[in-house]
Amino acid sequence: GLSLKTRLAFQSTRMRLNMFDITRYAEASQCIIDAGRFLYKSGWSPATSSNYSARIDEQHIAITVSGKHKGALTNGDVMVVNLEGEAIQSDCRSSAETLLHTVIYDLYPDIGAVLHTHSMAATVLSRWMEGENELCLTDYELQKAFPGYESHESQLVIPIFENTQNIKALAAETKAYFSQNPNLPGYLIRGHGLYTWGLNMADCLRHVEAFEFLLQCELEMKRLP
């Protein structure tokens with residue numbers, strides 16, 4: 001059986017979630033549900049693609065359960081994991097890309113939400129840029145939607161990581177990159193989609209909108225003669 005220390009630790013975690021964090025979990029879950037409806041209607045999270053999360057406390061996040069349609073999420077489709085990606089009080093399976101979320105929360109203690117979308121612009125543009133590991137944007141007024149970018153003359157760098165089923169390796173790669181480049185607001189996975197984050201869900205959704213506009217602009221520019 002479990003040792004007394006392990007049982008007490010589990011009971012302590014359970015008490016915190018039931019007595020302290022349950023309200024914050026409910027708030028995070030509703031934010032995720034609302035975000036899913038918006039992103040699905042915008043065409044950026046088709047079918048069961050994408051995954052979303054929101055911070056509950058220093059060690060726990062709410063995150064979408066794997067394989068759920070993001071335009072029709074319910075509270076039962078949002079679970080709790082710790083920053084190691086382990087499920088807390090749930091038999092559900094979280095998104096296969098959970099570690100890509102927890103890396104961001106671990107690196108940035110002030111971040112409150114992470115969104116991963118699968119738009120056509122992000123998918124096509126990152127594939128078109130095969131062999132390039134970053135997209136550099138400048139002279140766009142909407143760059144000012146991101147914190148720290150106060151002029152269209154600044155340069156917004158969006159790193160592009162190669163798509164892989166080895167999420168643990170990709171998580172380690174993103175952690176190393178953003179440890180060295182802490183002020184960037186998001187990244188692309190080639191042929192896959194966008195990751196971005198914010199202090200809260202409203203900020204994060206603003207970042208998604210800004211990124212999607214900029215990516216669509218770049219895609220349209222490349223179509224011109």
# chains A, B, ... in the order shown; residues from 1 in each chain; ligands from 1
>>> closest_atom_pairs(of="region 107-198 of chain A", to="region 28-35 of chain A", cutoff="12 Å", atoms="only C-alpha atoms", output="tab-separated table")
residue	atom	partner	partner_atom	distance
A:Gly112	CA	A:Ala28	CA	9.3
A:Ala113	CA	A:Ala28	CA	8.9
A:Val114	CA	A:Ile32	CA	9.8
A:Leu115	CA	A:Ala35	CA	8.8
A:His116	CA	A:Ala35	CA	11.0
A:Thr117	CA	A:Ala35	CA	10.9
>>> select_by_dssp(residues="region 5-184 of chain A", states="helix (DSSP H, G or I)", output="PyMOL selection string")
chain A and resi 5-19+22-41+75-77+98-107+120-128+141-145+167-180
>>> residues_around(residues="Tyr52 (chain A)", least_positions_apart="3", cutoff="12 Å", atoms="only C-alpha atoms", output="VMD selection string")
chain A and resid 28 to 37 39 45 48 to 49 55 61 to 66 68 to 71 73 77 to 80 94 to 98 100 to 102 112 to 118 194 to 197 201 204 to 205 208
>>> atom_distance(atom1="CA of Lys41 (chain A)", atom2="CA of Ala202 (chain A)")
16.6 Å
>>> select_by_dssp(residues="region 47-108 of chain A", states="strand (DSSP E)", output="VMD selection string")
chain A and resid 51 to 55 60 to 64 78 to 82
>>> write_last_selection(atoms="N, CA and C atoms", output="mmCIF file, in the first residue's frame")
data_model
loop_
_atom_site.group_PDB
_atom_site.id
_atom_site.type_symbol
_atom_site.label_atom_id
_atom_site.label_comp_id
_atom_site.auth_asym_id
_atom_site.auth_seq_id
_atom_site.Cartn_x
_atom_site.Cartn_y
_atom_site.Cartn_z
ATOM 1 N N ASN A 51 -5.682 22.779 -28.413
ATOM 2 C CA ASN A 51 -5.795 22.543 -26.978
ATOM 3 C C ASN A 51 -5.576 23.850 -26.246
ATOM 4 N N TYR A 52 -6.274 23.985 -25.129
ATOM 5 C CA TYR A 52 -6.277 25.237 -24.366
ATOM 6 C C TYR A 52 -6.047 24.947 -22.888
ATOM 7 N N SER A 53 -5.450 25.925 -22.198
ATOM 8 C CA SER A 53 -5.248 25.757 -20.756
ATOM 9 C C SER A 53 -5.294 27.101 -20.050
ATOM 10 N N ALA A 54 -5.501 27.051 -18.737
ATOM 11 C CA ALA A 54 -5.500 28.249 -17.900
ATOM 12 C C ALA A 54 -4.951 27.870 -16.526
ATOM 13 N N ARG A 55 -4.208 28.782 -15.929
ATOM 14 C CA ARG A 55 -3.584 28.497 -14.629
ATOM 15 C C ARG A 55 -4.635 28.512 -13.514
ATOM 16 N N HIS A 60 -0.816 23.991 -10.569
ATOM 17 C CA HIS A 60 -1.880 23.299 -11.286
ATOM 18 C C HIS A 60 -2.453 24.162 -12.403
ATOM 19 N N ILE A 61 -2.819 23.490 -13.501
ATOM 20 C CA ILE A 61 -3.506 24.165 -14.586
ATOM 21 C C ILE A 61 -4.746 23.366 -14.977
ATOM 22 N N ALA A 62 -5.731 24.061 -15.529
ATOM 23 C CA ALA A 62 -6.873 23.410 -16.171
ATOM 24 C C ALA A 62 -6.549 23.301 -17.651
ATOM 25 N N ILE A 63 -6.846 22.142 -18.247
ATOM 26 C CA ILE A 63 -6.499 21.922 -19.658
ATOM 27 C C ILE A 63 -7.545 21.040 -20.313
ATOM 28 N N THR A 64 -7.725 21.212 -21.615
ATOM 29 C CA THR A 64 -8.724 20.435 -22.333
ATOM 30 C C THR A 64 -8.366 18.947 -22.375
ATOM 31 N N VAL A 78 -12.741 19.558 -19.395
ATOM 32 C CA VAL A 78 -11.590 20.300 -18.875
ATOM 33 C C VAL A 78 -11.137 19.625 -17.585
ATOM 34 N N MET A 79 -9.871 19.259 -17.513
ATOM 35 C CA MET A 79 -9.331 18.541 -16.364
ATOM 36 C C MET A 79 -8.185 19.326 -15.730
ATOM 37 N N VAL A 80 -7.662 18.799 -14.623
ATOM 38 C CA VAL A 80 -6.556 19.444 -13.912
ATOM 39 C C VAL A 80 -5.310 18.594 -14.020
ATOM 40 N N VAL A 81 -4.179 19.223 -14.330
ATOM 41 C CA VAL A 81 -2.876 18.551 -14.299
ATOM 42 C C VAL A 81 -1.905 19.424 -13.517
ATOM 43 N N ASN A 82 -0.836 18.804 -13.019
ATOM 44 C CA ASN A 82 0.225 19.585 -12.386
ATOM 45 C C ASN A 82 1.248 19.989 -13.438
#
>>> residues_around(residues="Ala176 (chain A)", least_positions_apart="5", cutoff="12 Å", atoms="only C-alpha atoms", output="list in words")
Val103, Ile104, Leu107, Ala169, Leu170, Ala171, Asn181 and Pro182 of chain A
>>> closest_residue(among="A:Phe161, A:Phe146, A:Trp128, A:Tyr187", to="Asp203 (chain A)", atoms="only C-alpha atoms")
A:Phe146
>>> closest_residue(among="A:Ser119, A:Thr138, A:Gln165, A:Thr74", to="Glu153 (chain A)", atoms="only C-alpha atoms")
A:Thr138
>>> closest_residue(among="A:Met221, A:Leu142, A:Ala121, A:Ile158", to="Tyr177 (chain A)", atoms="only C-alpha atoms")
A:Ile158
>>> closest_residue(among="A:Glu58, A:Glu86, A:Asp21, A:Asp106", to="Ser179 (chain A)", atoms="only C-alpha atoms")
A:Asp106
